[in-house]
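Asker: Contents are mmCIF, C-alpha atoms; file name run.cif:
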```cif
data_final
#
loop_
_atom_site.label_atom_id
_atom_site.label_comp_id
_atom_site.auth_asym_id
_atom_site.auth_seq_id
_atom_site.Cartn_x
_atom_site.Cartn_y
_atom_site.Cartn_z
CA GLY C 1 -5.98 22.24 34.60
CA TYR C 2 -7.82 19.91 32.25
CA ILE C 3 -8.82 20.18 28.61
CA CYS C 4 -11.27 17.86 26.87
CA TYR C 5 -11.71 17.86 23.11
CA ILE C 6 -13.49 15.77 20.55
CA VAL C 7 -10.90 15.42 17.79
CA PRO C 8 -10.22 13.25 14.71
CA ASN C 9 -8.66 10.01 15.90
CA LYS C 10 -6.14 10.01 13.06
CA PHE C 11 -3.71 12.24 14.96
CA PHE C 12 -2.44 9.29 16.99
CA LYS C 13 -1.83 7.23 13.85
CA ILE C 14 -0.65 9.41 10.95
CA GLY C 15 2.69 11.01 10.18
CA ALA C 16 1.30 14.54 10.50
CA GLY C 17 0.41 13.84 14.14
CA GLU C 18 3.97 13.04 15.21
CA LYS C 19 4.70 16.34 16.99
CA LEU C 20 1.38 16.32 18.85
CA ARG C 21 1.89 12.71 19.92
CA ASN C 22 5.38 13.54 21.10
CA LEU C 23 4.18 16.54 23.14
CA ILE C 24 1.42 14.60 24.89
CA ALA C 25 3.66 11.58 25.52
CA LYS C 26 6.70 13.54 26.68
CA GLU C 27 4.72 15.61 29.18
CA GLN C 28 2.54 12.60 30.15
CA MET C 29 -0.60 14.69 29.70
CA LEU C 30 -3.05 11.97 28.69
CA VAL C 31 -5.79 11.13 31.22
CA SER C 32 -8.14 9.25 28.95
CA LEU C 33 -8.80 8.58 25.29
CA ASP C 34 -12.19 7.38 24.00
CA ASP C 35 -11.65 6.01 20.49
CA PHE C 36 -14.72 5.62 18.26
CA GLY C 37 -12.82 3.93 15.43
CA ASP C 38 -15.00 4.11 12.31
CA ALA C 39 -18.27 4.58 14.27
CA GLN C 40 -19.95 7.79 13.11
CA LEU C 41 -21.11 10.41 15.64
CA PHE C 42 -22.59 12.98 13.27
CA GLU C 43 -25.45 12.32 10.88
CA ASP C 44 -24.31 14.65 8.09
CA LYS C 45 -20.52 14.26 8.30
CA THR C 46 -18.13 11.34 7.91
CA ILE C 47 -15.64 11.96 10.71
CA TYR C 48 -13.51 9.44 12.57
CA SER C 49 -13.57 10.73 16.12
CA SER C 50 -12.06 10.40 19.57
CA ILE C 51 -12.51 12.22 22.87
CA LEU C 52 -9.25 13.38 24.37
CA LEU C 53 -8.84 14.37 28.03
CA LEU C 54 -5.53 15.98 28.96
CA CYS C 55 -4.13 17.33 32.23
CA LYS C 56 -1.24 19.67 32.92
CA ASN C 57 -0.11 17.48 35.82
CA ARG C 58 1.89 14.44 34.73
CA GLN C 59 -0.11 11.19 34.57
CA ASP C 60 1.49 7.84 35.36
CA THR C 61 -1.35 6.00 33.64
CA PHE C 62 -4.21 6.70 31.26
CA VAL C 63 -7.45 4.96 30.31
CA TYR C 64 -8.02 3.89 26.72
CA SER C 65 -11.56 3.02 25.62
CA SER C 66 -12.56 1.44 22.31
CA ILE C 67 -16.17 2.38 21.57
CA ASP C 68 -18.28 1.12 18.68
CA SER C 69 -21.44 3.05 19.60
CA ALA C 70 -21.80 6.62 20.82
CA ASN C 71 -25.20 5.78 22.33
CA ARG C 72 -23.62 3.27 24.70
CA LEU C 73 -21.20 5.88 25.95
CA TRP C 74 -23.86 8.55 26.45
CA ALA C 75 -26.11 6.04 28.24
CA GLY C 76 -23.34 5.22 30.67
CA GLU C 77 -23.14 1.60 29.59
CA ALA C 78 -19.94 -0.36 30.09
CA VAL C 79 -17.43 -0.02 27.27
CA SER C 80 -14.24 -1.88 26.48
CA ALA C 81 -11.52 -0.03 28.41
CA VAL C 82 -8.05 -0.63 29.77
CA GLU C 83 -5.61 1.32 31.97
CA LEU C 84 -2.14 1.64 30.45
CA ASN C 85 1.21 3.01 31.50
CA SER C 86 1.90 6.49 30.09
CA LEU C 87 5.44 5.41 29.22
CA THR C 88 4.05 3.17 26.47
CA LEU C 89 3.37 6.30 24.38
CA ASN C 90 5.88 8.15 22.22
CA LYS C 91 5.99 10.02 18.90
CA LEU C 92 5.42 6.86 16.88
CA PRO C 93 1.84 5.81 16.06
CA TRP C 94 0.16 4.81 19.30
CA ARG C 95 -0.52 1.08 19.50
CA LEU C 96 -3.74 1.27 21.48
CA THR C 97 -5.98 -1.74 22.01
CA THR C 98 -8.03 -3.19 24.83
CA ASP C 99 -6.59 -6.64 24.06
CA MET C 100 -4.03 -6.89 26.86
CA ASP C 101 -2.63 -10.23 25.66
CA PHE C 102 -1.89 -8.70 22.27
CA LEU C 103 -0.33 -5.62 23.89
CA SER C 104 1.88 -7.90 25.95
CA MET C 105 3.02 -9.71 22.81
CA LEU C 106 3.81 -6.39 21.12
CA GLN C 107 5.88 -5.27 24.09
CA LYS C 108 7.95 -8.46 23.93
CA LEU C 109 8.24 -7.99 20.19
CA ASP C 110 9.61 -4.47 20.59
CA LEU C 111 12.59 -5.85 22.52
CA VAL C 112 13.82 -7.89 19.55
CA ALA C 113 12.19 -6.48 16.40
CA VAL C 114 13.73 -4.10 13.86
CA PRO C 115 11.79 -1.69 11.62
CA LEU C 116 10.51 -3.31 8.43
CA THR C 117 12.37 -0.59 6.53
CA LYS C 118 15.70 -2.15 7.54
CA HIS C 119 15.06 -4.75 4.84
CA THR C 120 12.62 -3.03 2.48
CA GLU C 121 12.06 0.05 0.36
CA ILE C 122 8.52 1.42 0.45
CA PHE C 123 7.45 3.72 -2.36
CA ASN C 124 4.35 5.21 -3.96
CA GLY C 125 2.93 4.57 -7.39
CA ILE C 126 3.15 6.92 -10.33
CA GLN C 127 1.01 10.01 -10.80
CA THR C 128 0.38 11.21 -14.34
CA SER C 129 -1.89 14.13 -13.37
CA ALA C 130 -3.89 13.38 -16.53
CA GLU C 131 -6.63 11.05 -15.35
CA ARG C 132 -9.85 13.10 -15.61
CA PRO C 133 -12.28 13.18 -17.29
CA THR C 134 -10.60 10.36 -19.22
CA PRO C 135 -7.04 9.04 -18.83
CA ILE C 136 -4.49 10.06 -21.45
CA TYR C 137 -1.44 7.92 -20.73
CA TRP C 138 -3.06 4.52 -20.23
CA PHE C 139 -5.59 2.42 -22.09
CA THR C 140 -7.39 -0.91 -21.71
CA ALA C 141 -7.77 -3.89 -24.01
CA ASP C 142 -11.13 -2.44 -25.06
CA ASP C 143 -9.32 0.55 -26.61
CA VAL C 144 -7.09 -1.63 -28.80
CA VAL C 145 -8.11 -1.78 -32.46
CA ASP C 146 -5.20 -3.90 -33.68
CA GLU C 147 -1.83 -5.10 -32.50
CA PHE C 148 1.38 -5.65 -34.44
CA GLN C 149 4.91 -6.78 -33.62
CA ASP C 150 6.19 -3.34 -32.61
CA THR C 151 3.07 -1.21 -32.30
CA VAL C 152 -0.46 -1.11 -30.93
CA GLU C 153 -3.29 0.73 -32.64
CA ILE C 154 -5.78 2.29 -30.25
CA CYS C 155 -8.97 4.30 -30.70
CA ARG C 156 -9.58 7.42 -28.66
CA ASP C 157 -12.40 9.93 -29.17
CA GLY C 158 -13.17 8.45 -32.58
CA ASN C 159 -9.56 8.69 -33.82
CA ASN C 160 -7.01 5.91 -34.27
CA TYR C 161 -3.42 6.26 -33.03
CA THR C 162 -0.33 4.07 -33.35
CA ILE C 163 1.64 3.59 -30.12
CA GLU C 164 5.13 2.08 -30.15
CA LYS C 165 5.37 -0.91 -27.80
CA ALA C 166 8.86 0.13 -26.69
CA LEU C 167 7.24 2.87 -24.61
CA LEU C 168 4.44 0.71 -23.21
CA ARG C 169 4.39 -0.96 -19.81
CA PRO C 170 1.76 -3.07 -18.04
CA TYR C 171 -0.30 -0.92 -15.66
CA PHE C 172 -2.25 -1.98 -12.56
CA LYS C 173 -5.26 0.18 -11.83
CA PRO C 174 -8.28 -2.02 -11.11
CA THR C 175 -11.45 -0.85 -12.86
CA ARG C 176 -13.06 -4.18 -13.73
CA HIS C 177 -14.78 -6.39 -11.15
CA VAL C 178 -12.30 -9.24 -11.69
CA GLU C 179 -9.43 -6.89 -10.81
CA LYS C 180 -10.92 -5.75 -7.51
CA GLY C 181 -11.04 -7.39 -4.09
CA LEU C 182 -7.67 -9.07 -4.50
CA ASN C 183 -5.58 -10.43 -1.65
CA SER C 184 -1.92 -11.30 -1.28
CA TYR C 185 -2.08 -14.65 -3.04
CA SER C 186 -4.55 -13.72 -5.77
CA ILE C 187 -3.67 -14.08 -9.43
CA LEU C 188 -2.21 -10.76 -10.59
CA GLN C 189 -3.65 -9.65 -13.89
CA THR C 190 -4.31 -6.43 -15.75
CA ASP C 191 -5.65 -5.54 -19.19
CA LYS C 192 -4.11 -2.07 -19.10
CA ARG C 193 -0.96 -0.62 -20.61
CA ILE C 194 0.53 2.78 -20.02
CA ILE C 195 2.78 5.04 -22.06
CA PHE C 196 6.02 5.32 -20.09
CA PRO C 197 8.12 8.03 -21.80
CA TYR C 198 11.22 7.33 -19.70
CA ASP C 199 14.45 5.41 -20.26
CA THR C 200 15.91 2.69 -18.01
CA ASP C 201 17.55 5.32 -15.81
CA GLY C 202 14.23 7.06 -15.20
CA HIS C 203 15.08 10.02 -17.46
CA LEU C 204 12.43 11.49 -19.73
CA VAL C 205 12.95 10.54 -23.38
CA PRO C 206 14.07 13.82 -25.08
CA ILE C 207 11.55 15.49 -27.34
CA GLU C 208 13.61 15.04 -30.53
CA GLU C 209 14.02 11.34 -29.81
CA MET C 210 10.28 11.10 -29.18
CA LYS C 211 9.58 12.69 -32.57
CA ASN C 212 12.11 10.57 -34.47
CA SER C 213 12.02 7.19 -32.71
CA TYR C 214 8.44 7.15 -31.42
CA PRO C 215 6.48 9.29 -33.90
CA GLY C 216 3.19 7.49 -33.32
CA THR C 217 3.28 7.97 -29.57
CA TYR C 218 4.39 11.58 -29.92
CA ALA C 219 1.57 12.30 -32.36
CA TYR C 220 -0.92 10.81 -29.91
CA LEU C 221 0.37 12.86 -26.96
CA GLU C 222 0.47 15.98 -29.14
CA ALA C 223 -3.19 15.42 -30.06
CA TYR C 224 -3.92 15.87 -26.35
CA TYR C 225 -1.49 18.74 -25.84
CA ASP C 226 -4.23 20.95 -24.35
CA ARG C 227 -4.87 18.31 -21.67
CA LEU C 228 -1.20 17.66 -20.98
CA VAL C 229 0.54 21.02 -21.17
CA PRO C 230 1.56 22.09 -17.64
CA LYS C 231 0.45 25.35 -16.05
CA CYS C 232 4.07 26.47 -15.78
CA VAL C 233 4.48 26.12 -19.57
CA SER C 234 1.21 27.66 -20.79
CA ARG C 235 -1.40 29.93 -19.27
CA THR C 236 -4.02 27.54 -20.60
CA GLY C 237 -2.39 24.54 -18.91
CA ILE C 238 -4.37 22.48 -16.41
CA ARG C 239 -1.70 20.15 -15.00
CA ASP C 240 0.54 20.90 -12.04
CA VAL C 241 3.91 19.55 -13.18
CA PRO C 242 6.89 20.81 -11.18
CA ASN C 243 9.93 21.91 -13.23
CA ALA C 244 8.32 21.20 -16.60
CA THR C 245 9.55 23.10 -19.67
CA ALA C 246 8.37 23.63 -23.24
CA ASP C 247 10.41 20.54 -24.23
CA THR C 248 9.21 18.30 -21.37
CA TRP C 249 5.50 19.04 -21.44
CA TYR C 250 4.61 15.33 -21.83
CA GLN C 251 6.26 14.19 -18.57
CA TYR C 252 4.23 12.70 -15.71
CA GLY C 253 2.80 14.99 -13.07
CA ARG C 254 5.12 13.51 -10.43
CA THR C 255 8.40 11.74 -11.07
CA GLN C 256 8.90 10.00 -7.72
CA ALA C 257 10.22 6.43 -7.67
CA LEU C 258 10.30 6.00 -11.47
CA THR C 259 13.43 3.85 -11.34
CA ALA C 260 11.76 1.69 -8.69
CA PHE C 261 9.58 0.31 -11.49
CA ILE C 262 12.54 -0.74 -13.64
CA ASN C 263 13.97 -4.25 -13.20
CA THR C 264 12.73 -4.33 -9.61
CA PRO C 265 10.60 -7.19 -8.25
CA LYS C 266 8.09 -5.79 -5.76
CA LEU C 267 4.97 -6.34 -3.72
CA ILE C 268 1.98 -4.33 -4.92
CA VAL C 269 0.16 -3.03 -1.85
CA GLY C 270 -3.52 -2.11 -1.77
CA VAL C 271 -3.43 1.01 0.42
CA LEU C 272 -7.13 0.76 1.31
CA SER C 273 -8.48 -2.76 1.55
CA LYS C 274 -10.43 -5.09 3.81
CA GLU C 275 -7.87 -7.86 3.77
CA PRO C 276 -4.11 -7.92 3.18
CA MET C 277 -3.10 -7.27 -0.42
CA TYR C 278 0.64 -7.65 -1.02
CA ILE C 279 0.84 -9.26 -4.46
CA LEU C 280 4.24 -10.31 -5.79
CA ASP C 281 5.09 -8.75 -9.17
CA LYS C 282 8.20 -9.63 -11.16
CA ASP C 283 7.07 -8.01 -14.43
CA ASP C 284 7.72 -4.33 -13.55
CA ILE C 285 4.03 -3.44 -13.60
CA LEU C 286 3.43 0.26 -12.98
CA ILE C 287 0.89 1.07 -10.29
CA ALA C 288 -1.41 4.01 -9.67
CA SER C 289 -0.68 6.31 -6.76
CA GLY C 290 -3.41 8.34 -5.13
CA GLY C 291 -3.54 8.61 -1.34
CA THR C 292 -5.82 6.09 0.34
CA ALA C 293 -7.47 5.13 -2.94
CA GLY C 294 -4.34 4.00 -4.76
CA TYR C 295 -1.43 1.65 -4.35
CA CYS C 296 2.09 1.67 -3.05
CA ALA C 297 4.86 -0.89 -3.40
CA ILE C 298 7.52 -2.66 -1.39
CA SER C 299 10.83 -3.98 -2.70
CA LYS C 300 13.63 -5.57 -0.75
CA LYS C 301 16.75 -3.58 0.03
CA GLU C 302 19.95 -4.56 -1.69
CA GLY C 303 21.87 -6.96 0.51
CA SER C 304 18.88 -8.10 2.54
CA PRO C 305 18.86 -11.88 3.05
CA TYR C 306 15.05 -12.01 3.05
CA ALA C 307 13.29 -12.99 -0.17
CA LEU C 308 10.22 -11.00 -1.17
CA GLU C 309 8.19 -14.18 -0.71
CA TYR C 310 9.08 -14.15 3.00
CA ILE C 311 8.37 -10.43 3.37
CA GLN C 312 5.03 -11.01 1.65
CA ALA C 313 4.21 -13.75 4.16
CA TRP C 314 5.16 -11.50 7.08
CA LEU C 315 2.99 -8.64 5.85
CA SER C 316 0.04 -10.88 5.02
CA ASN C 317 -0.08 -12.55 8.42
CA PRO C 318 -3.15 -11.97 10.64
CA ILE C 319 -0.90 -10.64 13.44
CA THR C 320 0.56 -7.99 11.12
CA GLU C 321 -2.97 -7.18 10.05
CA LYS C 322 -4.04 -6.71 13.66
CA ILE C 323 -1.12 -4.30 14.21
CA LEU C 324 -2.26 -2.37 11.14
CA GLU C 325 -5.83 -2.30 12.47
CA ILE C 326 -4.45 -0.62 15.58
CA VAL C 327 -2.09 1.91 13.97
CA GLY C 328 -3.71 2.32 10.55
CA SER C 329 -6.53 4.76 9.85
CA ASP C 330 -10.05 3.31 10.00
CA PHE C 331 -12.62 3.83 7.27
CA GLU C 332 -16.30 2.95 7.14
CA GLY C 333 -17.06 -0.55 5.97
CA GLY C 334 -14.10 -2.15 7.75
CA PHE C 335 -11.42 -0.81 5.42
CA ILE C 336 -7.96 -0.08 6.83
CA ALA C 337 -5.48 2.35 5.26
CA ARG C 338 -1.97 0.89 5.02
CA GLY C 339 0.04 3.62 3.32
CA THR C 340 3.79 4.16 3.17
CA PHE C 341 4.01 5.84 6.60
CA VAL C 342 2.09 3.15 8.47
CA LEU C 343 3.99 0.35 6.72
CA SER C 344 7.31 1.94 7.66
CA THR C 345 6.40 1.66 11.37
CA LEU C 346 5.80 -2.11 11.27
CA PRO C 347 8.10 -4.38 13.29
CA PHE C 348 10.05 -7.22 11.71
CA VAL C 349 11.68 -10.12 13.55
CA GLU C 350 15.04 -11.10 12.09
CA LEU C 351 15.94 -14.77 11.95
CA ASP C 352 19.18 -16.47 12.88
CA PHE C 353 20.05 -18.38 9.72
CA GLU C 354 22.69 -20.32 11.65
CA ASP C 355 19.89 -21.79 13.77
CA LYS C 356 18.51 -24.90 12.07
CA THR C 357 14.93 -24.36 13.27
CA GLN C 358 14.76 -20.72 12.23
CA LYS C 359 16.38 -21.40 8.86
CA GLY C 360 13.90 -24.24 8.34
CA ILE C 361 10.95 -21.91 8.98
CA TYR C 362 12.31 -19.38 6.49
CA ASP C 363 13.01 -21.95 3.77
CA ARG C 364 9.59 -23.55 4.12
CA VAL C 365 7.78 -20.19 3.92
CA VAL C 366 9.58 -19.35 0.67
CA GLU C 367 9.09 -22.85 -0.75
CA ALA C 368 5.35 -22.90 0.05
CA SER C 369 4.92 -19.40 -1.39
CA ARG C 370 6.51 -20.42 -4.66
CA GLU C 371 4.25 -23.45 -4.85
CA ILE C 372 1.28 -21.06 -4.55
CA TYR C 373 2.61 -19.05 -7.51
CA ASP C 374 2.92 -22.26 -9.55
CA ILE C 375 -0.70 -23.07 -8.68
CA ASN C 376 -1.74 -19.57 -9.75
CA ASN C 377 0.00 -20.04 -13.08
CA THR C 378 -1.93 -23.26 -13.63
CA LEU C 379 -5.22 -21.68 -12.56
CA SER C 380 -4.61 -18.82 -15.00
CA GLY C 381 -4.87 -21.37 -17.79
CA ARG C 382 -8.43 -22.15 -16.67
CA PRO C 383 -8.12 -25.92 -16.18
CA ALA C 384 -11.12 -28.20 -15.76
CA LYS C 385 -13.36 -27.44 -12.78
CA ARG C 386 -12.31 -30.61 -10.93
CA ILE C 387 -8.63 -29.64 -11.26
CA SER C 388 -9.35 -26.03 -10.21
CA ILE C 389 -11.08 -27.19 -7.03
CA LEU C 390 -8.15 -29.46 -6.11
CA LEU C 391 -5.60 -26.72 -6.80
CA GLN C 392 -7.54 -24.12 -4.81
CA SER C 393 -7.79 -26.54 -1.89
CA ARG C 394 -4.03 -27.10 -1.99
CA LYS C 395 -3.48 -23.34 -2.17
CA ASP C 396 -5.64 -22.76 0.92
CA ILE C 397 -3.66 -25.40 2.84
CA LEU C 398 -0.37 -23.74 1.88
CA ILE C 399 -1.59 -20.28 2.92
CA LYS C 400 -2.65 -21.62 6.32
CA GLU C 401 0.71 -23.35 6.74
CA ILE C 402 2.57 -20.11 5.92
CA GLN C 403 0.45 -18.20 8.42
CA GLY C 404 1.26 -20.72 11.14
CA LEU C 405 5.00 -20.50 10.49
CA ILE C 406 5.02 -16.70 10.62
CA GLU C 407 2.97 -16.76 13.83
CA ARG C 408 5.72 -18.89 15.38
CA VAL C 409 8.22 -16.19 14.50
CA TYR C 410 5.99 -13.49 15.97
CA GLN C 411 5.70 -15.46 19.19
CA LEU C 412 9.47 -16.16 19.16
CA ASP C 413 8.60 -19.87 19.25
CA PHE C 414 11.90 -21.29 18.14
#
```
In structure tokens, what does this structure look like?

Answerer:
Amino acid sequence: GYICYIVPNKFFKIGAGEKLRNLIAKEQMLVSLDDFGDAQLFEDKTIYSSILLLCKNRQDTFVYSSIDSANRLWAGEAVSAVELNSLTLNKLPWRLTTDMDFLSMLQKLDLVAVPLTKHTEIFNGIQTSAERPTPIYWFTADDVVDEFQDTVEICRDGNNYTIEKALLRPYFKPTRHVEKGLNSYSILQTDKRIIFPYDTDGHLVPIEEMKNSYPGTYAYLEAYYDRLVPKCVSRTGIRDVPNATADTWYQYGRTQALTAFINTPKLIVGVLSKEPMYILDKDDILIASGGTAGYCAISKKEGSPYALEYIQAWLSNPITEKILEIVGSDFEGGFIARGTFVLSTLPFVELDFEDKTQKGIYDRVVEASREIYDINNTLSGRPAKRISILLQSRKDILIKEIQGLIERVYQLDF
């Protein structure tokens, strides 16, 4: 027997599709898969579709088609298709492409690569659950009325409030044009700060300490009590805050990974972007979570010999990006979602640091990356146009050199 369905194509890429992928792969049911990527089939709905043909009898091979136009398929025109071995499928995201040379490289890679998570921690940003209609916890430079040694005076809804700097942290949530469209080697900047009512161990600052040590901040939060009080504390509450009490009503909506933002260098990852965005941050900037619209972060695991600069170069490489285009969810406009699940499935080739050639590649990648950061620091000072052009040219050369070195590692060209 056969079944043929038109289904969302995300099932062969996302974490929630693992059991279905495993069932189809284990029983070798797949006959053909027509993948429409981000091409839209329905006028009034945005749906990312595929046509799935399954058979009860085990299939040794299946045909994968990548289709950018439904009209071509219906008209019987030739489409980009390839016949693949059924044993290439498993419960992991299916790496499906009609580029056979790239598939061959991936198969060789699988023999030597380890999961990226062997050397990294991947975590989501914070979620305050107090963003709409206006944010409560964070503010921009435009909200600042005055600034002093230990406090910042801000204006909200026509009222001025004093916020103690000890509870403020830089916050990355691009809203201005200059903050958007960043890539891995862009200059990282933000004009936002966020109230972070937690200590260095990630524990919420107790309410009495808030009142006594941070009276200005507490008064500000209390002024917005109706917006912040959780549903589980008051019937009039509007925030979903698990395990909140009458004494912890000002905590964030979610408390995941709070300690990951304390004394932890990281890469800030744009979950939904057109080009790779893995920006190195050593200033403990908090980032906004939020599904495909937000950000996640990557730090290196304790004991890993790989510097974040090298991990950044690996993630930013065009080959890594092509893998993400295959296993990441497509969105209209050429955007690719690279969330925590997809990132955790990426391969990583370990180097032999006893081998002079491999150690030389690693050292040069890190050295060139750090030169780029030095250039960014100089560019941040807005030097003369002639100097800026020369520095940007040097930066472009370094990025291309880094890409070439990482490609050698991908191709095991040692």

Asker: How many Å lie between atom CA of C:Asp199 and atom CA of C:Thr134, rounded to one decimal?

Answerer: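 Atom CA of C:Thr134 lies 25.6 Å from atom CA of C:Asp199.
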
Asker: If you count only C-alpha atoms, which residues fall within 7 Å of stretch 217-232 of chain C, apart from same-chain ones fewer than 4 positions away, as an mmCIF file with C-alpha atoms, keeping the file's coordinate frame?

Answerer:
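Output contents, as saved in out.cif:
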```
data_model
loop_
_atom_site.group_PDB
_atom_site.id
_atom_site.type_symbol
_atom_site.label_atom_id
_atom_site.label_comp_id
_atom_site.auth_asym_id
_atom_site.auth_seq_id
_atom_site.Cartn_x
_atom_site.Cartn_y
_atom_site.Cartn_z
ATOM 1 C CA ALA C 130 -3.890 13.380 -16.530
ATOM 2 C CA TYR C 161 -3.420 6.260 -33.030
ATOM 3 C CA THR C 162 -0.330 4.070 -33.350
ATOM 4 C CA ILE C 163 1.640 3.590 -30.120
ATOM 5 C CA GLU C 164 5.130 2.080 -30.150
ATOM 6 C CA MET C 210 10.280 11.100 -29.180
ATOM 7 C CA LYS C 211 9.580 12.690 -32.570
ATOM 8 C CA THR C 236 -4.020 27.540 -20.600
ATOM 9 C CA GLY C 237 -2.390 24.540 -18.910
ATOM 10 C CA ILE C 238 -4.370 22.480 -16.410
ATOM 11 C CA ARG C 239 -1.700 20.150 -15.000
ATOM 12 C CA ASP C 240 0.540 20.900 -12.040
ATOM 13 C CA VAL C 241 3.910 19.550 -13.180
ATOM 14 C CA ALA C 244 8.320 21.200 -16.600
ATOM 15 C CA TRP C 249 5.500 19.040 -21.440
ATOM 16 C CA TYR C 250 4.610 15.330 -21.830
#
```

Asker: Using only C-alpha atoms, pick whichever of C:Pro276, C:Pro318, C:Gly294, C:Gly339 has the shortest atom-to-atom distance to C:Ser186.

Answerer: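 Closest to C:Ser186, using only C-alpha atoms: C:Pro276.
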
Asker: Give as a PDB file with C-alpha atoms, in the coordinates of the input the residues that the PyMOL selection byres ((chain C and resi 82) around 12) matches when applied to the coordinates above.

Answerer:
```pdb
ATOM      1  CA  SER C  32      -8.140   9.250  28.950  1.00  0.00           C
ATOM      2  CA  LEU C  33      -8.800   8.580  25.290  1.00  0.00           C
ATOM      3  CA  ASP C  34     -12.190   7.380  24.000  1.00  0.00           C
ATOM      4  CA  ASP C  35     -11.650   6.010  20.490  1.00  0.00           C
ATOM      5  CA  THR C  61      -1.350   6.000  33.640  1.00  0.00           C
ATOM      6  CA  PHE C  62      -4.210   6.700  31.260  1.00  0.00           C
ATOM      7  CA  VAL C  63      -7.450   4.960  30.310  1.00  0.00           C
ATOM      8  CA  TYR C  64      -8.020   3.890  26.720  1.00  0.00           C
ATOM      9  CA  SER C  65     -11.560   3.020  25.620  1.00  0.00           C
ATOM     10  CA  SER C  66     -12.560   1.440  22.310  1.00  0.00           C
ATOM     11  CA  ILE C  67     -16.170   2.380  21.570  1.00  0.00           C
ATOM     12  CA  ALA C  78     -19.940  -0.360  30.090  1.00  0.00           C
ATOM     13  CA  VAL C  79     -17.430  -0.020  27.270  1.00  0.00           C
ATOM     14  CA  SER C  80     -14.240  -1.880  26.480  1.00  0.00           C
ATOM     15  CA  ALA C  81     -11.520  -0.030  28.410  1.00  0.00           C
ATOM     16  CA  GLU C  83      -5.610   1.320  31.970  1.00  0.00           C
ATOM     17  CA  LEU C  84      -2.140   1.640  30.450  1.00  0.00           C
ATOM     18  CA  ASN C  85       1.210   3.010  31.500  1.00  0.00           C
ATOM     19  CA  LEU C  96      -3.740   1.270  21.480  1.00  0.00           C
ATOM     20  CA  THR C  97      -5.980  -1.740  22.010  1.00  0.00           C
ATOM     21  CA  THR C  98      -8.030  -3.190  24.830  1.00  0.00           C
ATOM     22  CA  ASP C  99      -6.590  -6.640  24.060  1.00  0.00           C
ATOM     23  CA  MET C 100      -4.030  -6.890  26.860  1.00  0.00           C
ATOM     24  CA  ASP C 101      -2.630 -10.230  25.660  1.00  0.00           C
ATOM     25  CA  LEU C 103      -0.330  -5.620  23.890  1.00  0.00           C
TER      26      LEU C 103
END
```

Asker: Counting all atoms listed in the file, which residue out of C:Ile126, C:Leu106, C:Leu351, C:Ile287 sits closest to C:Gln256?

Answerer: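 Comparing C:Ile126, C:Leu106, C:Leu351, C:Ile287 against C:Gln256, the winner is C:Ile126.
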
Asker: Tell me which protein, DNA and RNA residues are within 8 Å of C:Ile14, counting only C-alpha atoms, leaving out same-chain ones fewer than 2 positions away, and put them as a PyMOL selection string.

Answerer: chain C and resi 10-12+16-18+93+328-329+341-342

Asker: Please enumerate the residues selected by the PyMOL selection byres ((chain C and resi 68-71) around 9) when evaluated against the supplied file, formatted as a list in words.

Answerer: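 Applying the expression gives Asp35, Phe36, Gly37, Asp38, Ala39, Gln40, Leu41, Ser66, Ile67, Arg72, Leu73, Trp74, Ala75, Gly76, Glu77 and Val79 of chain C.
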
Asker: Nearest residue to C:Thr190 out of C:Asp283, C:Asn263, C:Lys400, C:Asn160, using only C-alpha atoms?

Answerer: C:Asp283

Asker: Expand the PyMOL selection byres ((chain C and resi 370-375) around 12) into the individual residues it matches in the shown file, reporting them as number ranges by chain.

Answerer: C: 184-188, 279-282, 307-310, 312-313, 363-369, 376-383, 387-402

Asker: Would you mind telling me which residue in C:Tyr198, C:Trp94, C:Trp138, C:Tyr410 lies nearest to C:Ile262 when using all atoms listed in the file?

Answerer: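 Looking only at the distances to C:Ile262, the closest residue turns out to be C:Tyr198.
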
Asker: Figure out the distance between atom CA of C:Gly216 and atom CA of C:Thr264, please, to one decimal in Å.

Answerer: 28.2 Å

Asker: Just to confirm, what's the straight-line distance from atom CA of C:Lys91 to atom CA of C:Tyr306 in Å (one decimal)?

Answerer: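 Interatomic distance here is 28.6 Å.
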
Asker: Give me the residues within 8 Å of stretch 109-124 of chain C as an mmCIF file with C-alpha atoms, keeping the file's coordinate frame, counting all atoms listed in the file and dropping any in the same chain fewer than 4 places off.

Answerer:
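The resulting file, selection09.cif, is shown below:
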```cif
data_model
loop_
_atom_site.group_PDB
_atom_site.id
_atom_site.type_symbol
_atom_site.label_atom_id
_atom_site.label_comp_id
_atom_site.auth_asym_id
_atom_site.auth_seq_id
_atom_site.Cartn_x
_atom_site.Cartn_y
_atom_site.Cartn_z
ATOM 1 C CA MET C 105 3.020 -9.710 22.810
ATOM 2 C CA GLN C 256 8.900 10.000 -7.720
ATOM 3 C CA ALA C 257 10.220 6.430 -7.670
ATOM 4 C CA ALA C 260 11.760 1.690 -8.690
ATOM 5 C CA SER C 289 -0.680 6.310 -6.760
ATOM 6 C CA TYR C 295 -1.430 1.650 -4.350
ATOM 7 C CA CYS C 296 2.090 1.670 -3.050
ATOM 8 C CA ALA C 297 4.860 -0.890 -3.400
ATOM 9 C CA ILE C 298 7.520 -2.660 -1.390
ATOM 10 C CA SER C 299 10.830 -3.980 -2.700
ATOM 11 C CA LYS C 300 13.630 -5.570 -0.750
ATOM 12 C CA LYS C 301 16.750 -3.580 0.030
ATOM 13 C CA SER C 304 18.880 -8.100 2.540
ATOM 14 C CA TYR C 306 15.050 -12.010 3.050
ATOM 15 C CA THR C 340 3.790 4.160 3.170
ATOM 16 C CA LEU C 343 3.990 0.350 6.720
ATOM 17 C CA SER C 344 7.310 1.940 7.660
ATOM 18 C CA THR C 345 6.400 1.660 11.370
ATOM 19 C CA LEU C 346 5.800 -2.110 11.270
ATOM 20 C CA PRO C 347 8.100 -4.380 13.290
ATOM 21 C CA PHE C 348 10.050 -7.220 11.710
ATOM 22 C CA VAL C 349 11.680 -10.120 13.550
ATOM 23 C CA GLU C 350 15.040 -11.100 12.090
ATOM 24 C CA TYR C 410 5.990 -13.490 15.970
ATOM 25 C CA GLN C 411 5.700 -15.460 19.190
#
```
